[in-house]
$ cat final-v3.tsv   # TSV, C-alpha atoms
chain	number	residue	atom	x	y	z
A	1	MET	CA	-24.50	-13.72	101.04
A	2	ALA	CA	-26.67	-16.81	101.39
A	3	GLU	CA	-27.32	-18.17	104.86
A	4	ILE	CA	-25.35	-21.33	105.61
A	5	PHE	CA	-26.46	-24.11	107.93
A	6	HIS	CA	-23.84	-26.37	109.50
A	7	ARG	CA	-25.31	-29.46	111.12
A	8	ARG	CA	-23.22	-31.89	113.17
A	9	PHE	CA	-24.81	-35.25	113.91
A	10	PHE	CA	-24.36	-39.02	113.73
A	11	LEU	CA	-25.31	-41.35	110.91
A	12	LYS	CA	-26.54	-44.84	111.75
A	13	GLY	CA	-23.91	-47.29	110.49
A	14	THR	CA	-23.62	-51.06	110.62
A	15	ALA	CA	-20.70	-50.77	113.09
A	16	GLY	CA	-22.32	-48.06	115.20
A	17	ARG	CA	-22.69	-44.31	114.97
A	18	LEU	CA	-20.73	-42.39	112.34
A	19	GLU	CA	-19.74	-38.80	113.03
A	20	ALA	CA	-20.97	-36.52	110.25
A	21	THR	CA	-21.33	-32.89	109.24
A	22	LEU	CA	-23.72	-31.43	106.67
A	23	TRP	CA	-23.53	-28.04	104.98
A	24	THR	CA	-26.78	-26.75	103.54
A	25	ARG	CA	-28.57	-23.54	102.61
A	26	PRO	CA	-32.26	-22.63	102.84
A	27	GLU	CA	-32.76	-23.68	99.20
A	28	SER	CA	-31.07	-27.07	99.73
A	29	ALA	CA	-34.39	-28.79	100.35
A	30	ARG	CA	-34.98	-28.36	96.61
A	31	ALA	CA	-31.45	-29.46	95.68
A	32	ARG	CA	-30.99	-30.84	92.18
A	33	LEU	CA	-27.86	-32.64	93.31
A	34	ALA	CA	-26.67	-33.82	96.73
A	35	THR	CA	-23.02	-34.53	97.46
A	36	VAL	CA	-20.83	-36.57	99.79
A	37	VAL	CA	-17.05	-36.42	100.18
A	38	CYS	CA	-15.10	-39.39	101.62
A	39	HIS	CA	-11.86	-38.88	103.56
A	40	PRO	CA	-8.42	-40.57	103.27
A	41	HIS	CA	-7.05	-43.50	105.24
A	42	PRO	CA	-8.07	-43.32	108.91
A	43	LEU	CA	-5.04	-45.28	110.10
A	44	TYR	CA	-2.82	-42.48	108.80
A	45	GLY	CA	-4.72	-39.58	110.28
A	46	GLY	CA	-7.47	-39.25	107.69
A	47	THR	CA	-10.72	-37.67	108.90
A	48	LEU	CA	-13.56	-35.56	107.54
A	49	HIS	CA	-11.44	-32.51	108.42
A	50	ASN	CA	-8.69	-33.39	105.93
A	51	LYS	CA	-7.64	-30.32	103.89
A	52	VAL	CA	-8.32	-31.89	100.48
A	53	VAL	CA	-11.73	-33.10	101.60
A	54	TYR	CA	-12.51	-29.68	103.03
A	55	GLN	CA	-11.42	-27.91	99.84
A	56	VAL	CA	-13.66	-30.05	97.65
A	57	ALA	CA	-16.57	-29.76	100.07
A	58	LYS	CA	-16.18	-25.97	100.08
A	59	THR	CA	-16.08	-25.87	96.27
A	60	LEU	CA	-19.24	-27.92	95.95
A	61	HIS	CA	-21.06	-25.93	98.60
A	62	ARG	CA	-20.21	-22.65	96.89
A	63	LEU	CA	-22.17	-23.98	93.94
A	64	GLY	CA	-25.23	-24.15	96.18
A	65	LEU	CA	-25.13	-27.89	96.82
A	66	PRO	CA	-25.68	-29.67	100.14
A	67	VAL	CA	-22.44	-31.40	101.16
A	68	LEU	CA	-22.10	-34.30	103.58
A	69	ARG	CA	-18.81	-35.36	105.14
A	70	PHE	CA	-18.46	-38.21	107.62
A	71	ASN	CA	-15.83	-40.14	109.50
A	72	PHE	CA	-15.32	-43.77	108.62
A	73	ARG	CA	-15.71	-46.32	111.42
A	74	GLY	CA	-13.05	-45.88	114.10
A	75	ALA	CA	-12.10	-42.36	113.00
A	76	GLY	CA	-12.86	-39.27	115.08
A	77	MET	CA	-15.99	-39.90	117.12
A	78	SER	CA	-17.26	-42.67	114.84
A	79	GLU	CA	-17.80	-46.02	116.50
A	80	GLY	CA	-16.42	-49.35	115.33
A	81	GLN	CA	-12.97	-50.36	114.13
A	82	HIS	CA	-11.12	-50.01	110.85
A	83	ASN	CA	-12.01	-52.87	108.50
A	84	GLU	CA	-9.46	-52.51	105.68
A	85	GLY	CA	-11.98	-50.96	103.31
A	86	ARG	CA	-14.57	-53.72	103.46
A	87	GLY	CA	-16.82	-52.53	106.28
A	88	GLU	CA	-16.13	-48.96	105.21
A	89	ARG	CA	-18.23	-49.61	102.11
A	90	ASP	CA	-21.20	-49.92	104.44
A	91	ASP	CA	-20.26	-46.55	105.92
A	92	VAL	CA	-20.44	-45.01	102.44
A	93	ARG	CA	-23.83	-46.66	101.89
A	94	ALA	CA	-25.06	-45.15	105.16
A	95	ALA	CA	-24.06	-41.71	103.87
A	96	ILE	CA	-25.81	-42.30	100.54
A	97	ASP	CA	-28.92	-43.55	102.33
A	98	PHE	CA	-29.01	-40.38	104.39
A	99	LEU	CA	-28.71	-38.12	101.36
A	100	ALA	CA	-31.33	-40.07	99.44
A	101	GLU	CA	-33.77	-39.76	102.32
A	102	THR	CA	-33.00	-36.14	103.19
A	103	PHE	CA	-32.95	-34.84	99.60
A	104	SER	CA	-35.55	-37.14	98.11
A	105	GLY	CA	-35.25	-37.58	94.38
A	106	ALA	CA	-31.98	-35.68	94.03
A	107	PRO	CA	-29.17	-37.56	92.26
A	108	ILE	CA	-25.96	-37.91	94.25
A	109	LEU	CA	-22.40	-36.92	93.42
A	110	LEU	CA	-19.82	-38.94	95.33
A	111	ALA	CA	-16.27	-37.64	95.78
A	112	GLY	CA	-13.41	-39.35	97.56
A	113	PHE	CA	-9.78	-38.65	98.33
A	114	SER	CA	-7.16	-41.44	98.37
A	115	PHE	CA	-8.55	-44.29	100.51
A	116	GLY	CA	-11.88	-42.48	100.34
A	117	ALA	CA	-11.73	-42.70	96.56
A	118	SER	CA	-10.90	-46.41	96.49
A	119	VAL	CA	-13.76	-47.23	98.86
A	120	GLY	CA	-16.27	-44.54	97.94
A	121	LEU	CA	-16.04	-44.82	94.16
A	122	ARG	CA	-16.43	-48.60	94.36
A	123	VAL	CA	-19.76	-48.14	96.15
A	124	GLY	CA	-20.78	-45.21	93.97
A	125	CYS	CA	-20.20	-47.12	90.75
A	126	GLY	CA	-22.67	-49.79	91.83
A	127	ASP	CA	-25.35	-47.58	93.39
A	128	GLU	CA	-27.92	-46.24	90.93
A	129	ARG	CA	-28.61	-43.25	93.19
A	130	VAL	CA	-25.08	-42.00	92.52
A	131	THR	CA	-24.84	-40.39	89.08
A	132	GLU	CA	-21.40	-38.71	89.11
A	133	LEU	CA	-18.00	-39.46	90.64
A	134	VAL	CA	-14.94	-37.43	91.61
A	135	GLY	CA	-11.69	-39.19	92.51
A	136	LEU	CA	-8.84	-37.23	94.12
A	137	GLY	CA	-5.36	-38.59	94.64
A	138	LEU	CA	-6.15	-42.07	93.32
A	139	PRO	CA	-3.90	-44.57	95.17
A	140	ALA	CA	-3.26	-46.38	91.91
A	141	ASP	CA	0.12	-47.78	93.01
A	142	ASN	CA	-1.23	-49.76	95.97
A	143	PHE	CA	-4.98	-50.34	95.52
A	144	ASP	CA	-6.96	-52.38	93.00
A	145	LEU	CA	-9.07	-49.84	91.10
A	146	SER	CA	-10.08	-52.18	88.28
A	147	PHE	CA	-13.74	-51.84	89.32
A	148	LEU	CA	-13.67	-48.49	87.51
A	149	GLU	CA	-13.21	-50.30	84.20
A	150	THR	CA	-16.90	-51.18	84.12
A	151	CYS	CA	-18.17	-47.89	85.52
A	152	GLY	CA	-19.84	-45.80	82.82
A	153	LYS	CA	-20.84	-42.91	85.06
A	154	PRO	CA	-19.29	-39.46	84.47
A	155	LYS	CA	-15.96	-39.32	86.29
A	156	LEU	CA	-13.48	-36.59	87.16
A	157	PHE	CA	-10.03	-37.49	88.49
A	158	VAL	CA	-7.63	-34.95	89.95
A	159	GLN	CA	-4.10	-36.22	90.53
A	160	GLY	CA	-0.88	-34.62	91.75
A	161	GLY	CA	1.90	-34.76	89.21
A	162	GLN	CA	4.27	-36.02	91.94
A	163	ASP	CA	1.77	-38.21	93.79
A	164	GLN	CA	3.77	-40.77	95.77
A	165	PHE	CA	0.87	-43.24	95.96
A	166	GLY	CA	-0.50	-42.89	92.45
A	167	SER	CA	2.09	-42.25	89.76
A	168	GLN	CA	1.11	-40.47	86.56
A	169	GLU	CA	2.08	-43.60	84.64
A	170	ASN	CA	-0.24	-45.88	86.59
A	171	VAL	CA	-3.11	-43.38	86.63
A	172	ARG	CA	-2.87	-42.80	82.88
A	173	LYS	CA	-2.77	-46.55	82.23
A	174	LEU	CA	-5.92	-46.91	84.30
A	175	MET	CA	-7.61	-44.05	82.49
A	176	GLU	CA	-7.04	-45.73	79.13
A	177	LYS	CA	-9.16	-48.66	80.29
A	178	LEU	CA	-12.09	-46.65	81.60
A	179	PRO	CA	-15.32	-45.95	79.73
A	180	GLY	CA	-16.39	-42.35	79.37
A	181	PRO	CA	-17.42	-39.78	80.19
A	182	LYS	CA	-14.11	-39.22	81.99
A	183	ARG	CA	-11.57	-36.49	82.63
A	184	LEU	CA	-8.13	-36.54	84.21
A	185	VAL	CA	-6.60	-33.32	85.56
A	186	ILE	CA	-2.92	-33.48	86.54
A	187	VAL	CA	-1.82	-30.81	89.01
A	188	ASP	CA	1.81	-30.24	88.07
A	189	GLY	CA	4.29	-30.39	90.94
A	190	ALA	CA	1.69	-31.48	93.49
A	191	ASP	CA	2.24	-34.37	95.88
A	192	HIS	CA	-0.45	-36.76	97.11
A	193	PHE	CA	-1.89	-34.15	99.47
A	194	PHE	CA	-1.76	-31.30	96.93
A	195	ALA	CA	0.30	-29.26	99.41
A	196	GLY	CA	0.37	-25.63	98.34
A	197	ARG	CA	-1.91	-26.36	95.38
A	198	LEU	CA	-5.32	-26.98	96.94
A	199	ASP	CA	-6.73	-24.09	94.94
A	200	ARG	CA	-5.95	-26.03	91.76
A	201	VAL	CA	-8.03	-28.92	93.06
A	202	GLY	CA	-10.96	-26.60	93.72
A	203	ASP	CA	-10.58	-25.02	90.29
A	204	ALA	CA	-10.67	-28.41	88.55
A	205	VAL	CA	-13.80	-29.49	90.38
A	206	ASN	CA	-15.49	-26.13	89.87
A	207	LYS	CA	-14.78	-26.12	86.12
A	208	TRP	CA	-16.04	-29.67	85.64
A	209	MET	CA	-19.19	-29.02	87.64
A	210	ASN	CA	-20.06	-25.83	85.78
A	211	GLU	CA	-19.58	-27.55	82.44
A	212	ARG	CA	-21.87	-30.39	83.48
A	213	HIS	CA	-24.32	-28.24	85.42
A	214	PRO	CA	-24.42	-24.71	83.98
A	215	GLU	CA	-27.48	-24.01	86.11
A	216	LEU	CA	-25.14	-23.90	89.12
A	217	GLU	CA	-23.12	-21.01	87.73
A	218	SER	CA	-25.35	-18.39	89.34
A	219	ALA	CA	-24.60	-19.80	92.79
A	220	ARG	CA	-20.83	-19.32	92.48
A	221	GLY	CA	-19.32	-17.11	95.14
A	222	ALA	CA	-22.53	-16.92	97.17
A	223	ALA	CA	-20.97	-18.78	100.09

$ encode --input "final-v3.tsv" --output "structure tokens"
Amino acid sequence: MAEIFHRRFFLKGTAGRLEATLWTRPESARARLATVVCHPHPLYGGTLHNKVVYQVAKTLHRLGLPVLRFNFRGAGMSEGQHNEGRGERDDVRAAIDFLAETFSGAPILLAGFSFGASVGLRVGCGDERVTELVGLGLPADNFDLSFLETCGKPKLFVQGGQDQFGSQENVRKLMEKLPGPKRLVIVDGADHFFAGRLDRVGDAVNKWMNERHPELESARGAA
């Protein structure tokens, strides 16, 4: 079993310090891909410890990738106050800056759940350092996600079949407007938080990653 390093620290954000945690391995300094996972709405209890965020982070790390999670401003021990998704974009940029500096030259995969998807993917679409995107539980009923319509980066979306904030109808309508490469995975019977079906989320991410990056296959199960 590969040795795992778990680093807790603070990122420097525009609203103050941002609580963060980074999972790495000894070989991570030579990572071909660095990853960050953004959490759901902080005003409704969302933090970097959210179960969906943790599941995706664990899946990515098992593939041998360094994984960064952080708390948006005002959540957990992060300084600042919630800014309705506007200032939070700067928080995402701070996370990307850290990965770009720490894993120099490695492209970045950005994943986000719910609010974290609406904020994180918006930043990721416009940042050339981010090459791939994963959206989980898209809040398509309540948030404007039209920015994705001009985003040509490879995208995976995983949605609960009974998501109360992003209906299948609205998510499928959005998907029709998006350029490829793109994939939508519907988890039948799952609500917004994928209760009881988190393994299906991990499976979808794992399958997509191994198809795109077969070189990661050998790292599976090492964590």

$ closest_atom_pairs --input "final-v3.tsv" --of "region 3-111 of chain A" --to "region 126-150 of chain A" --cutoff "7 Å" --atoms "all atoms listed in the file" --output "Markdown table"
| residue | atom | partner | partner_atom | distance |
| --- | --- | --- | --- | --- |
| A:Pro107 | CA | A:Arg129 | CA | 5.8 |
| A:Ile108 | CA | A:Val130 | CA | 4.5 |
| A:Leu109 | CA | A:Glu132 | CA | 4.8 |
| A:Leu110 | CA | A:Leu133 | CA | 5.1 |
| A:Ala111 | CA | A:Val134 | CA | 4.4 |

$ residues_around --input "final-v3.tsv" --residues "Asp91 (chain A)" --least-positions-apart "6" --cutoff "10 Å" --atoms "all atoms listed in the file" --output "list of chain:residue names"
A:Leu11, A:Lys12, A:Gly13, A:Thr14, A:Ala15, A:Gly16, A:Arg17, A:Leu18, A:Cys38, A:Phe70, A:Asn71, A:Phe72, A:Arg73, A:Gly85, A:Asp97, A:Val119, A:Gly120, A:Val123

$ residues_around --input "final-v3.tsv" --residues "Gln159 (chain A)" --least-positions-apart "4" --cutoff "10 Å" --atoms "all atoms listed in the file" --output "list in words"
Phe113, Ser114, Gly135, Leu136, Gly137, Leu138, Pro139, Asp163, Gly166, Ser167, Gln168, Val171, Leu184, Val185, Ile186, Val187, Asp188, Ala190, Asp191, His192, Phe193, Phe194 and Val201 of chain A

$ closest_residue --input "final-v3.tsv" --among "A:Arg86, A:His39, A:His6, A:Arg172" --to "Gly112 (chain A)" --atoms "only C-alpha atoms"
A:His39

$ residues_around --input "final-v3.tsv" --residues "Arg7 (chain A)" --least-positions-apart "5" --cutoff "9 Å" --atoms "only C-alpha atoms" --output "tab-separated table (two decimals) with C-alpha atoms, keeping the file's coordinate frame"
chain	number	residue	atom	x	y	z
A	20	ALA	CA	-20.97	-36.52	110.25
A	21	THR	CA	-21.33	-32.89	109.24
A	22	LEU	CA	-23.72	-31.43	106.67
A	23	TRP	CA	-23.53	-28.04	104.98
A	24	THR	CA	-26.78	-26.75	103.54

$ closest_residue --input "final-v3.tsv" --among "A:Val205, A:Val67, A:Val53, A:Cys151" --to "Gly180 (chain A)" --atoms "only C-alpha atoms"
A:Cys151

$ closest_residue --input "final-v3.tsv" --among "A:Ala34, A:Met209, A:Ala94, A:Cys125" --to "Thr59 (chain A)" --atoms "all atoms listed in the file"
A:Met209

$ atom_distance --input "final-v3.tsv" --atom1 "CA of Gln162 (chain A)" --atom2 "CA of Val36 (chain A)"
26.3 Å

$ atom_distance --input "final-v3.tsv" --atom1 "CA of Pro26 (chain A)" --atom2 "CA of Arg69 (chain A)"
18.7 Å

$ atom_distance --input "final-v3.tsv" --atom1 "CA of Glu101 (chain A)" --atom2 "CA of Met77 (chain A)"
23.1 Å

$ residues_near_point --input "final-v3.tsv" --point "(-7.2, -28.3, 102.6)" --cutoff "9 Å" --atoms "only C-alpha atoms" --output "list in words"
His49, Asn50, Lys51, Val52, Val53, Tyr54, Gln55, Val56, Phe193, Phe194, Ala195, Leu198 and Asp199 of chain A

$ closest_residue --input "final-v3.tsv" --among "A:Val92, A:Leu43, A:Leu99, A:Ala57" --to "Gly76 (chain A)" --atoms "only C-alpha atoms"
A:Leu43

$ residues_near_point --input "final-v3.tsv" --point "(-23.8, -30.0, 97.9)" --cutoff "7 Å" --atoms "only C-alpha atoms" --output "JSON, numbers by chain"
{"A": [33, 34, 35, 60, 61, 64, 65, 66, 67]}

$ build_atoms --input "final-v3.tsv" --residues "region 12-25 of chain A" --atoms "N, CA and C atoms" --output "PDB file, keeping the file's coordinate frame"
ATOM      1  N   LYS A  12     -26.404 -43.481 111.234  1.00  0.00           N
ATOM      2  CA  LYS A  12     -26.540 -44.840 111.750  1.00  0.00           C
ATOM      3  C   LYS A  12     -25.805 -45.789 110.821  1.00  0.00           C
ATOM      4  N   GLY A  13     -24.697 -46.363 111.298  1.00  0.00           N
ATOM      5  CA  GLY A  13     -23.910 -47.290 110.490  1.00  0.00           C
ATOM      6  C   GLY A  13     -24.020 -48.709 111.003  1.00  0.00           C
ATOM      7  N   THR A  14     -23.535 -49.657 110.218  1.00  0.00           N
ATOM      8  CA  THR A  14     -23.620 -51.060 110.620  1.00  0.00           C
ATOM      9  C   THR A  14     -22.669 -51.399 111.765  1.00  0.00           C
ATOM     10  N   ALA A  15     -21.645 -50.542 111.988  1.00  0.00           N
ATOM     11  CA  ALA A  15     -20.700 -50.770 113.090  1.00  0.00           C
ATOM     12  C   ALA A  15     -20.939 -49.802 114.232  1.00  0.00           C
ATOM     13  N   GLY A  16     -22.031 -49.056 114.172  1.00  0.00           N
ATOM     14  CA  GLY A  16     -22.320 -48.060 115.200  1.00  0.00           C
ATOM     15  C   GLY A  16     -22.494 -46.684 114.585  1.00  0.00           C
ATOM     16  N   ARG A  17     -22.466 -45.677 115.423  1.00  0.00           N
ATOM     17  CA  ARG A  17     -22.690 -44.310 114.970  1.00  0.00           C
ATOM     18  C   ARG A  17     -21.490 -43.776 114.198  1.00  0.00           C
ATOM     19  N   LEU A  18     -21.777 -42.993 113.152  1.00  0.00           N
ATOM     20  CA  LEU A  18     -20.730 -42.390 112.340  1.00  0.00           C
ATOM     21  C   LEU A  18     -20.837 -40.867 112.457  1.00  0.00           C
ATOM     22  N   GLU A  19     -19.779 -40.247 112.910  1.00  0.00           N
ATOM     23  CA  GLU A  19     -19.740 -38.800 113.030  1.00  0.00           C
ATOM     24  C   GLU A  19     -19.886 -38.156 111.647  1.00  0.00           C
ATOM     25  N   ALA A  20     -20.723 -37.134 111.544  1.00  0.00           N
ATOM     26  CA  ALA A  20     -20.970 -36.520 110.250  1.00  0.00           C
ATOM     27  C   ALA A  20     -21.218 -35.020 110.392  1.00  0.00           C
ATOM     28  N   THR A  21     -21.022 -34.316 109.295  1.00  0.00           N
ATOM     29  CA  THR A  21     -21.330 -32.890 109.240  1.00  0.00           C
ATOM     30  C   THR A  21     -21.958 -32.601 107.881  1.00  0.00           C
ATOM     31  N   LEU A  22     -22.985 -31.753 107.891  1.00  0.00           N
ATOM     32  CA  LEU A  22     -23.720 -31.430 106.670  1.00  0.00           C
ATOM     33  C   LEU A  22     -23.803 -29.929 106.503  1.00  0.00           C
ATOM     34  N   TRP A  23     -23.375 -29.447 105.341  1.00  0.00           N
ATOM     35  CA  TRP A  23     -23.530 -28.040 104.980  1.00  0.00           C
ATOM     36  C   TRP A  23     -24.714 -27.896 104.046  1.00  0.00           C
ATOM     37  N   THR A  24     -25.621 -26.999 104.392  1.00  0.00           N
ATOM     38  CA  THR A  24     -26.780 -26.750 103.540  1.00  0.00           C
ATOM     39  C   THR A  24     -27.068 -25.245 103.500  1.00  0.00           C
ATOM     40  N   ARG A  25     -28.031 -24.886 102.678  1.00  0.00           N
ATOM     41  CA  ARG A  25     -28.570 -23.540 102.610  1.00  0.00           C
ATOM     42  C   ARG A  25     -30.086 -23.652 102.645  1.00  0.00           C
TER      43      ARG A  25
END
